[in-house]
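Shown next: data13.cif, given as mmCIF, C-alpha atoms.
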```cif
data_query
loop_
_atom_site.label_atom_id
_atom_site.label_comp_id
_atom_site.auth_asym_id
_atom_site.auth_seq_id
_atom_site.Cartn_x
_atom_site.Cartn_y
_atom_site.Cartn_z
CA MET A 19 39.83 -34.42 26.94
CA THR A 20 39.21 -30.71 27.58
CA LYS A 21 40.97 -29.84 24.31
CA LEU A 22 38.60 -32.16 22.42
CA PHE A 23 35.66 -30.70 24.35
CA ASN A 24 36.70 -27.11 23.43
CA ILE A 25 37.09 -28.04 19.75
CA SER A 26 33.66 -29.69 19.82
CA ILE A 27 32.07 -26.59 21.36
CA ILE A 28 33.72 -24.31 18.77
CA ALA A 29 32.60 -26.63 15.95
CA ILE A 30 29.01 -26.59 17.27
CA ILE A 31 29.06 -22.78 17.44
CA ILE A 32 30.43 -22.49 13.89
CA VAL A 33 27.83 -24.93 12.50
CA THR A 34 25.05 -23.07 14.37
CA ILE A 35 26.16 -19.74 12.90
CA ILE A 36 26.29 -21.22 9.40
CA VAL A 37 22.81 -22.73 9.77
CA PHE A 38 21.27 -19.52 11.17
CA SER A 39 22.98 -17.32 8.58
CA GLY A 40 21.03 -19.15 5.90
CA CYS A 41 17.70 -18.42 7.58
CA THR A 42 15.38 -15.99 5.88
CA ASP A 43 12.37 -14.30 7.43
CA GLN A 44 9.63 -13.44 4.96
CA TYR A 45 6.90 -10.84 5.32
CA GLU A 46 4.06 -9.92 3.01
CA ASN A 47 2.55 -6.44 2.90
CA HIS A 48 -0.45 -5.14 1.01
CA ALA A 49 -1.24 -1.54 0.14
CA LEU A 50 -3.99 0.42 -1.59
CA ALA A 51 -2.95 3.40 -3.68
CA PHE A 52 -4.22 5.94 -6.18
CA ARG A 53 -2.14 6.76 -9.26
CA ASN A 54 -2.45 10.39 -10.33
CA ASN A 55 -2.62 10.48 -14.14
CA THR A 56 -3.49 14.19 -14.16
CA GLN A 57 -1.18 17.17 -14.77
CA ASP A 58 -1.46 18.59 -11.23
CA SER A 59 -1.11 17.20 -7.71
CA ILE A 60 -4.23 15.78 -6.10
CA GLN A 61 -5.19 15.55 -2.45
CA VAL A 62 -6.73 12.36 -1.06
CA ASP A 63 -8.71 12.65 2.19
CA ARG A 64 -9.61 9.32 3.78
CA TYR A 65 -12.44 9.28 6.36
CA TYR A 66 -13.20 6.66 9.00
CA ALA A 67 -16.38 5.89 10.91
CA ASN A 68 -17.16 8.44 13.62
CA THR A 69 -14.29 10.78 12.66
CA VAL A 70 -14.37 14.35 11.47
CA LYS A 71 -10.73 14.87 10.60
CA PRO A 72 -9.47 12.87 7.60
CA ARG A 73 -6.07 11.37 6.93
CA THR A 74 -4.62 13.29 4.00
CA THR A 75 -2.20 12.19 1.29
CA MET A 76 -0.85 14.36 -1.53
CA ILE A 77 -0.04 12.66 -4.83
CA ALA A 78 2.15 14.31 -7.47
CA PRO A 79 1.40 13.95 -11.20
CA ASP A 80 2.41 10.60 -12.71
CA GLU A 81 3.00 9.12 -9.23
CA TYR A 82 1.01 6.87 -6.96
CA GLY A 83 0.34 7.47 -3.30
CA LYS A 84 -0.45 4.75 -0.80
CA PHE A 85 -3.37 5.58 1.45
CA TYR A 86 -3.67 2.26 3.28
CA GLU A 87 -1.14 -0.46 4.20
CA THR A 88 -1.44 -3.73 6.10
CA SER A 89 0.67 -6.78 6.78
CA SER A 90 -2.36 -8.87 7.59
CA ASP A 91 -2.31 -12.46 6.39
CA MET A 92 -6.00 -12.16 5.57
CA TRP A 93 -6.16 -10.18 2.36
CA VAL A 94 -9.25 -10.21 0.22
CA THR A 95 -9.70 -8.04 -2.86
CA PRO A 96 -8.80 -4.34 -3.02
CA SER A 97 -12.50 -3.44 -3.30
CA VAL A 98 -13.39 -5.34 -0.13
CA GLU A 99 -10.31 -4.08 1.71
CA ILE A 100 -11.09 -0.44 0.88
CA SER A 101 -14.62 -0.95 2.28
CA LYS A 102 -13.12 -2.28 5.51
CA SER A 103 -10.43 0.42 5.79
CA CYS A 104 -12.41 3.62 5.26
CA ASP A 105 -15.93 4.99 5.00
CA SER A 106 -15.23 7.48 2.23
CA LEU A 107 -12.53 9.10 0.15
CA ILE A 108 -12.54 12.64 -1.20
CA LEU A 109 -10.06 13.60 -3.91
CA THR A 110 -9.54 17.23 -4.88
CA GLY A 111 -7.36 18.95 -7.43
CA LEU A 112 -7.36 20.76 -10.76
CA LYS A 113 -8.22 19.60 -14.25
CA ASN A 114 -7.35 22.16 -16.96
CA ASP A 115 -7.15 24.83 -14.24
CA GLU A 116 -10.70 23.99 -13.10
CA PRO A 117 -11.21 22.59 -9.58
CA PHE A 118 -12.62 19.11 -9.16
CA GLN A 119 -13.82 17.03 -6.26
CA ILE A 120 -14.33 13.29 -6.42
CA VAL A 121 -16.29 11.54 -3.68
CA PHE A 122 -16.04 7.78 -3.30
CA THR A 123 -18.21 5.88 -0.82
CA PRO A 124 -19.40 2.27 -0.88
CA ASP A 125 -22.85 3.48 -2.00
CA LYS A 126 -22.10 6.29 -4.45
CA THR A 127 -19.52 7.98 -6.61
CA GLU A 128 -19.56 11.68 -7.50
CA GLY A 129 -17.29 13.37 -10.02
CA TYR A 130 -15.72 10.23 -11.48
CA CYS A 131 -16.75 7.55 -13.95
CA SER A 132 -16.01 4.47 -11.78
CA SER A 133 -15.58 3.54 -8.13
CA PRO A 134 -12.73 1.77 -6.32
CA TYR A 135 -15.42 0.29 -4.03
CA SER A 136 -17.03 -1.54 -6.95
CA ALA A 137 -16.52 -5.31 -7.07
CA ASN A 138 -15.46 -5.01 -10.71
CA ALA A 139 -13.16 -2.01 -10.17
CA ASP A 140 -10.00 -2.02 -12.26
CA TRP A 141 -7.11 -2.26 -9.76
CA LEU A 142 -3.57 -2.75 -11.05
CA LEU A 143 -1.12 -4.84 -9.03
CA GLU A 144 2.51 -3.83 -8.61
CA VAL A 145 4.74 -6.26 -6.73
CA TYR A 146 8.24 -5.61 -5.47
CA VAL A 147 10.51 -7.40 -3.03
CA THR A 148 13.13 -5.89 -0.75
CA GLU A 149 15.91 -7.76 1.01
CA GLU A 150 17.34 -6.49 4.28
CA PRO A 151 20.29 -8.09 6.08
CA LYS A 152 19.84 -9.00 9.71
CA PHE A 153 22.27 -10.26 12.34
CA LEU A 154 22.07 -13.85 11.14
CA GLY A 155 20.39 -14.24 7.76
CA LYS A 156 18.15 -11.83 5.89
CA THR A 157 14.62 -10.52 5.79
CA LEU A 158 12.59 -10.56 2.58
CA GLU A 159 9.59 -8.23 2.35
CA ARG A 160 7.10 -8.64 -0.47
CA PHE A 161 4.98 -5.57 -1.21
CA ASN A 162 1.72 -5.97 -3.12
CA VAL A 163 0.56 -2.48 -4.11
CA HIS A 164 -2.98 -2.39 -5.53
CA ILE A 165 -3.35 0.79 -7.60
CA PHE A 166 -6.55 2.53 -8.72
CA GLU A 167 -5.80 5.03 -11.49
CA ILE A 168 -7.27 8.54 -11.54
CA ASN A 169 -7.46 9.65 -15.18
CA SER A 170 -8.36 13.15 -16.38
CA SER A 171 -10.81 11.76 -18.92
CA CYS A 172 -13.04 10.38 -16.13
CA ILE A 173 -13.04 13.49 -13.92
CA SER A 174 -16.03 15.87 -13.84
CA THR A 175 -15.03 19.44 -12.94
CA ILE A 176 -16.97 21.67 -10.56
CA GLN A 177 -19.17 24.06 -12.53
CA ASN A 178 -19.88 27.46 -10.93
#
```
Rendering of file as structure tokens:
Amino acid sequence: MTKLFNISIIAIIIVTIIVFSGCTDQYENHALAFRNNTQDSIQVDRYYANTVKPRTTMIAPDEYGKFYETSSDMWVTPSVEISKSCDSLILTGLKNDEPFQIVFTPDKTEGYCSSPYSANADWLLEVYVTEEPKFLGKTLERFNVHIFEINSSCISTIQN
């Protein structure tokens, strides 16, 4: 009887491991990013309400840099999310060796031809999925990166 009991316990453990090894946790992440389509690096300073010191991100040419990420289940549009995540954004860099500064706020845009805060802003969506093993099973993470492109043709340079 104890031999049958031991075999039953081992069988239950093996079946449990097989069942749990097939389990997959899934997570969804969203991010806002700027793509730098200029020939020089740009600096993105993101300001919040009642703060003086910004959060700064550098973006190399032909790359994109995330400036906000969330794993919230409640995701609206990039334009609404940017309004909720920061009060203003200031981008600085060079265009044809001339300095530029772009200021984006919900109410105005300076130095650029369009605004990421606008309801009809042109955001690109890049989706990628990563798979990570875990003790029993795996974890799938889906990344939704919403990208606003910064193009040289839309930038106004600072005139001295």
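Between atom CA of A:Thr127 and atom CA of A:Ser106 the separation is 9.8 Å.
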Could you tell me which residues the PyMOL selection byres ((chain A and resi 55-69) around 7) grabs in this file, written as an MDAnalysis selection string? chainID A and resid 53:54 70:80 104:112 167:170
Starting from the shown file, work through the PyMOL selection byres ((chain A and resi 164) around 8) and note down what comes out as number ranges by chain. A: 48-51, 96, 141-144, 162-163, 165-166
Between atom CA of A:Lys126 and atom CA of A:Asn138, what distance in Å does the model show, to one decimal? 14.5 Å
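Going from atom CA of A:Glu46 to atom CA of A:Glu159 covers 5.8 Å.
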Run the PyMOL selection byres ((chain A and resi 133) around 10) mentally over the shown coordinates, then write out the matched residues as a VMD selection string, using the chain letters and numbers from the document. chain A and resid 97 120 to 128 130 to 132 134 to 140 166
Serialized selection, C-alpha atoms, as a PDB file, in the coordinates of the input:
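Ended up saving to again13.pdb:
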```pdb
ATOM      1  CA  SER A  97     -12.500  -3.440  -3.300  1.00  0.00           C
ATOM      2  CA  ILE A 120     -14.330  13.290  -6.420  1.00  0.00           C
ATOM      3  CA  VAL A 121     -16.290  11.540  -3.680  1.00  0.00           C
ATOM      4  CA  PHE A 122     -16.040   7.780  -3.300  1.00  0.00           C
ATOM      5  CA  THR A 123     -18.210   5.880  -0.820  1.00  0.00           C
ATOM      6  CA  PRO A 124     -19.400   2.270  -0.880  1.00  0.00           C
ATOM      7  CA  ASP A 125     -22.850   3.480  -2.000  1.00  0.00           C
ATOM      8  CA  LYS A 126     -22.100   6.290  -4.450  1.00  0.00           C
ATOM      9  CA  THR A 127     -19.520   7.980  -6.610  1.00  0.00           C
ATOM     10  CA  GLU A 128     -19.560  11.680  -7.500  1.00  0.00           C
ATOM     11  CA  TYR A 130     -15.720  10.230 -11.480  1.00  0.00           C
ATOM     12  CA  CYS A 131     -16.750   7.550 -13.950  1.00  0.00           C
ATOM     13  CA  SER A 132     -16.010   4.470 -11.780  1.00  0.00           C
ATOM     14  CA  PRO A 134     -12.730   1.770  -6.320  1.00  0.00           C
ATOM     15  CA  TYR A 135     -15.420   0.290  -4.030  1.00  0.00           C
ATOM     16  CA  SER A 136     -17.030  -1.540  -6.950  1.00  0.00           C
ATOM     17  CA  ALA A 137     -16.520  -5.310  -7.070  1.00  0.00           C
ATOM     18  CA  ASN A 138     -15.460  -5.010 -10.710  1.00  0.00           C
ATOM     19  CA  ALA A 139     -13.160  -2.010 -10.170  1.00  0.00           C
ATOM     20  CA  ASP A 140     -10.000  -2.020 -12.260  1.00  0.00           C
ATOM     21  CA  PHE A 166      -6.550   2.530  -8.720  1.00  0.00           C
TER      22      PHE A 166
END
```
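The smallest atom-to-atom distance between A:Tyr82 and any of A:Phe52, A:Pro117, A:Lys156, A:Gly129, using only C-alpha atoms, is found for A:Phe52.
For the choices A:Cys172, A:Phe161, A:Ile100, A:Gly83, the atom-to-atom distance to A:Glu149 is smallest for A:Phe161 when using only C-alpha atoms.
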